[in-house]
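*Asks:* I'd like to ask some things about the structure below.
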Amino acid sequence: MLPEISWLLEQFRQMLNDCIRIGLAENVTSLKSLSSKAYRQLSRYDVVSYYKLCAISAATGILRNYRKAKRKNPYVKEPYARRLRLTTCYGFKVRDGELSLPIHAREHVRISLNQHVLATINGFTLRSVTLTEDRLSLAYADEVQQLQPRGFIGIDRNLDNVTVAATDGTVQQHTLSEATRAKATYRDVRSHFKRNDIRIRRDINGKYGQKQQDKVKHILHHASKLIVEEAKAKHYGIAMEKLTGIRRLYRRGNWQGRWYRGRMNSWSYAELQRQIEYKARWEGLPVIYVPPHGTSSRCSICGERMKPEENRMLRCPSCGYVVDPDELAARNILAAGTLRFGVVGLAHEAMVAEPAPLQQSAKSMRGS
Ligand SMILES: [Zn+2]
């Protein structure tokens with residue numbers, strides 16, 4: 001623990017005990033009367049006034065509990081704070097991945113936050129910070145300030161690419177073959193070790209597993225960044241498939257062997273969604289998850305079951321739409337997301353904003 005933090009915790013504990021002593025002596029428990037009795041006595045502490053207010057507030061809670069307990073049991077012990085624990089609702093800030101806490105006037109202590117914490121609090125308003133000797137807890141308000149989207153992008157993840165279909169009719173693919181290759185390489189390395197020594201195998205798996213994950217993460221970060229940048233520029237929300245226990249990727253035909261499936265485990269799919277979601281939340285873009293049923297088999301125009309065509313294309317027997325399976329899935333996810341968001345005016349608004357691509361996509365449906 002940082003020395004400034006332990007110093008602050010100890011100062012806080014002493015202030016709290018001062019307030020408790022004053023409250024007991026003056027027989028007050030309300031915040032207002034305790035403030036007027038105790039605040040001046042706290043002037044000997046060289047900390048920012050935020051913490052004095054917090055100490056007074058914490059003391060009123062303790063004094064009230066004590067008063068209640070004393071009514072039931074007149075021999076109850078007088079309260080005294082021994083633990084180092086500080087909760088503050090004022091003065092702190094999260095900036096550049098760090099929590100900054102004021103100590104003295106114009107003097108702050110910085111605590112770096114890990115990626116998981118940053119992703120969790122991303123887009124929320126922080127309410128309070130609690131510090132103990134070995135723990136930092138952040139309380140956040142459950143409200144996200146979201147943009148009203150002008151449309152959506154539907155994201156479909158495949159073995160070697162991410163396909164993105166947008167309300168304006170554009171379809172883009174981001175290649176991920178590097179990610180698949182990274183996984184394959186490390187898998188080969190692993191399989192050379194003896195299987196029966198669990199202890200060694202676990203260590204090796206840990207080491208290579210981490211390397212592999214880092215490499216794949218890096219590639220996924222590139223793709224997720226581009227995708228969220230596009231959504232942000234167009235003021236679009238993001239729709240993705242809800243992950244279920246069984247990986248949907250295998251369903252796309254029998255040509256994927258067992259080894260192929262193993263290569264593409266659920267981890268990297270979930271990781272891509274996680275990255276997109278937190279980057280999107282950071283920008284205030286809504287993220288919707290749609291059920292995966294039928295996204296790769298139903299016509300995105302009329303809903304009919306698609307039939308396979310030459311060159312891995314799919315054809316709708318009812319309306320004649322011919323489409324690449326990855327694009328079809330992205331379009332269906334986009335449609336489901338837009339529908340789920342329940343914005344009837346959305347399509348109209350998008351049409352007003354970007355008429356040309358929409359007409360283009362309408363033409364391609366009729367033409368086929
Ligand atoms: Zn159709």
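Residue numbering restarts at 1 for every chain of the structure tokens, chains are lettered A, B, ... in their displayed order, and ligands are numbered from 1 as they appear.
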Cys319 of chain A: which residues within 8 Å, counting only C-alpha atoms, same-chain residues fewer than 3 positions away excluded, as a list in words?

*Replies:*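 Listed by chain and then number, they are Ile301, Cys302 and Cys316 of chain A.
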
*Asks:* For segment 79-91 of chain A, list every protein, DNA or RNA residue within 8 Å, evaluated using only C-alpha atoms, and leave out those in the same chain fewer than 4 positions away; present the list as a VMD selection string.

*Replies:* chain A and resid 9 to 10 12 to 13 16 to 17 20 50 to 51 54 62 to 63 66 101 to 102 127 to 133

*Asks:* Could you please extract the residues within 9 Å of ligand 1, counting only C-alpha atoms and all ligand atoms, and hand them back as a PyMOL selection string?

*Replies:* chain A and resi 298-306+315-322+365

*Asks:* What would the file look like if the residues just selected were written as a tab-separated table (two decimals), in the first residue's frame with N, CA, C and O atoms?

*Replies:*
chain	number	residue	atom	x	y	z
A	298	ARG	N	-31.91	-18.00	-42.33
A	298	ARG	CA	-33.13	-17.38	-42.85
A	298	ARG	C	-32.81	-16.19	-43.76
A	298	ARG	O	-31.86	-15.44	-43.51
A	299	CYS	N	-33.63	-15.99	-44.77
A	299	CYS	CA	-33.47	-14.87	-45.68
A	299	CYS	C	-33.66	-13.55	-44.91
A	299	CYS	O	-34.62	-13.41	-44.16
A	300	SER	N	-32.73	-12.63	-45.09
A	300	SER	CA	-32.81	-11.38	-44.33
A	300	SER	C	-33.87	-10.44	-44.90
A	300	SER	O	-34.18	-9.42	-44.31
A	301	ILE	N	-34.45	-10.80	-46.07
A	301	ILE	CA	-35.49	-9.96	-46.68
A	301	ILE	C	-36.88	-10.51	-46.38
A	301	ILE	O	-37.74	-9.81	-45.87
A	302	CYS	N	-37.09	-11.81	-46.69
A	302	CYS	CA	-38.44	-12.35	-46.51
A	302	CYS	C	-38.53	-13.40	-45.41
A	302	CYS	O	-39.62	-13.84	-45.06
A	303	GLY	N	-37.42	-13.84	-44.84
A	303	GLY	CA	-37.48	-14.79	-43.73
A	303	GLY	C	-37.55	-16.25	-44.14
A	303	GLY	O	-37.59	-17.13	-43.29
A	304	GLU	N	-37.55	-16.52	-45.43
A	304	GLU	CA	-37.59	-17.90	-45.92
A	304	GLU	C	-36.27	-18.61	-45.62
A	304	GLU	O	-35.23	-17.96	-45.49
A	305	ARG	N	-36.31	-19.96	-45.53
A	305	ARG	CA	-35.08	-20.70	-45.28
A	305	ARG	C	-34.21	-20.70	-46.54
A	305	ARG	O	-34.70	-21.02	-47.63
A	306	MET	N	-32.95	-20.34	-46.41
A	306	MET	CA	-32.06	-20.20	-47.56
A	306	MET	C	-31.59	-21.58	-48.05
A	306	MET	O	-31.48	-22.52	-47.26
A	315	ARG	N	-29.08	-18.92	-51.55
A	315	ARG	CA	-30.15	-18.34	-52.37
A	315	ARG	C	-31.49	-18.54	-51.67
A	315	ARG	O	-31.76	-19.59	-51.11
A	316	CYS	N	-32.31	-17.48	-51.70
A	316	CYS	CA	-33.64	-17.59	-51.12
A	316	CYS	C	-34.60	-18.12	-52.18
A	316	CYS	O	-34.75	-17.51	-53.23
A	317	PRO	N	-35.25	-19.27	-51.92
A	317	PRO	CA	-36.15	-19.84	-52.92
A	317	PRO	C	-37.40	-18.99	-53.14
A	317	PRO	O	-38.06	-19.09	-54.17
A	318	SER	N	-37.73	-18.13	-52.17
A	318	SER	CA	-38.94	-17.33	-52.29
A	318	SER	C	-38.72	-16.02	-53.03
A	318	SER	O	-39.39	-15.73	-54.01
A	319	CYS	N	-37.72	-15.23	-52.59
A	319	CYS	CA	-37.53	-13.93	-53.23
A	319	CYS	C	-36.31	-13.87	-54.13
A	319	CYS	O	-36.05	-12.87	-54.78
A	320	GLY	N	-35.53	-14.95	-54.16
A	320	GLY	CA	-34.41	-15.01	-55.08
A	320	GLY	C	-33.15	-14.28	-54.65
A	320	GLY	O	-32.19	-14.18	-55.41
A	321	TYR	N	-33.12	-13.80	-53.41
A	321	TYR	CA	-31.96	-13.07	-52.89
A	321	TYR	C	-30.77	-14.02	-52.80
A	321	TYR	O	-30.88	-15.10	-52.22
A	322	VAL	N	-29.63	-13.62	-53.39
A	322	VAL	CA	-28.42	-14.44	-53.31
A	322	VAL	C	-27.39	-13.69	-52.48
A	322	VAL	O	-27.14	-12.50	-52.71
A	365	MET	N	-31.31	-6.49	-53.94
A	365	MET	CA	-32.28	-7.53	-53.57
A	365	MET	C	-33.14	-7.89	-54.77
A	365	MET	O	-33.42	-9.04	-55.06

*Asks:* One decimal, Å: what's the distance from atom CA of Val216 of chain A over to atom CA of Met313 of chain A, could you say?

*Replies:* 28.6 Å

*Asks:* Kindly give the distance, in Å, that separates atom CA of Ile103 of chain A and atom CA of Leu53 of chain A, rounded to a single decimal.

*Replies:*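 Here the two named atoms are 13.9 Å from each other.
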
*Asks:* Could you find all residues in segment 23-200 of chain A that DSSP calls helix (DSSP H, G or I) from the backbone, and write them as JSON, numbers by chain?

*Replies:* {"A": [23, 24, 25, 26, 31, 32, 33, 34, 35, 36, 37, 38, 40, 41, 42, 43, 44, 49, 50, 51, 52, 53, 54, 55, 56, 57, 58, 59, 60, 61, 62, 63, 64, 65, 66, 67, 68, 69, 70, 71, 72, 115, 116, 117, 118, 119, 120, 121, 177, 178, 179, 180, 181, 182, 183, 184, 185, 186, 187, 188, 189, 190, 191, 198, 199, 200]}

*Asks:* Near Ile219 of chain A, within 9 Å and counting only C-alpha atoms, which residues show up once chain neighbours fewer than 5 positions away are dropped, as a list in words?

*Replies:*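 Selected residues are Leu176, Glu178, Ala179, Asp214 and Ser224 of chain A.
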
*Asks:* Go through A:Glu78, A:Glu277, A:Glu283, A:Asp324 one by one, measure the shortest atom-to-atom distance of each to Met240 of chain A using only C-alpha atoms, and give the residue with the smallest value.

*Replies:*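 Under the stated criterion, the closest residue is A:Glu277.
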
*Asks:* Quick one: everything within 12 Å of segment 108-118 of chain A, counting only C-alpha atoms, minus sequence neighbours fewer than 6 positions away in the same chain. Send it as a PyMOL selection string.

*Replies:* chain A and resi 1-8+47-48+91-102+124+126+129+131+135-140+274-275+278-279+281-282

*Asks:* Save out the residues we just selected, C-alpha atoms, as a compact mmCIF listing (two decimals), in the first residue's frame.

*Replies:*
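What landed in result20.txt:
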# COMPACT_ATOMS: atom_id res chain seq x y z
CA MET A 1 0.00 0.00 0.00
CA LEU A 2 1.16 3.52 -0.76
CA PRO A 3 2.46 5.36 2.33
CA GLU A 4 0.17 8.32 1.58
CA ILE A 5 -2.83 6.00 1.65
CA SER A 6 -1.94 4.41 4.98
CA TRP A 7 -1.31 7.87 6.37
CA LEU A 8 -4.71 9.05 5.09
CA VAL A 47 -6.21 16.74 5.13
CA VAL A 48 -8.61 18.16 2.55
CA GLY A 91 -12.97 14.84 -4.63
CA PHE A 92 -11.89 11.70 -6.48
CA LYS A 93 -11.51 11.34 -10.22
CA VAL A 94 -10.77 8.57 -12.70
CA ARG A 95 -8.48 9.74 -15.46
CA ASP A 96 -6.05 7.94 -17.79
CA GLY A 97 -6.69 4.61 -16.10
CA GLU A 98 -5.93 5.96 -12.64
CA LEU A 99 -7.99 6.85 -9.61
CA SER A 100 -6.85 10.18 -8.25
CA LEU A 101 -7.58 10.94 -4.60
CA PRO A 102 -6.89 14.33 -3.00
CA PHE A 124 -21.07 4.86 -15.32
CA LEU A 126 -18.78 6.85 -9.79
CA VAL A 129 -14.67 5.19 -3.08
CA LEU A 131 -10.41 2.25 0.97
CA ARG A 135 -8.83 -3.19 -0.70
CA LEU A 136 -10.23 -0.47 -2.90
CA SER A 137 -13.95 -0.56 -3.76
CA LEU A 138 -15.72 1.72 -6.18
CA ALA A 139 -19.48 2.24 -6.08
CA TYR A 140 -21.05 3.36 -9.33
CA ARG A 274 -16.26 -7.91 -24.59
CA GLN A 275 -13.90 -5.52 -26.37
CA TYR A 278 -16.69 -1.78 -23.52
CA LYS A 279 -15.33 0.39 -26.32
CA ARG A 281 -20.03 1.92 -23.90
CA TRP A 282 -17.11 4.28 -23.57
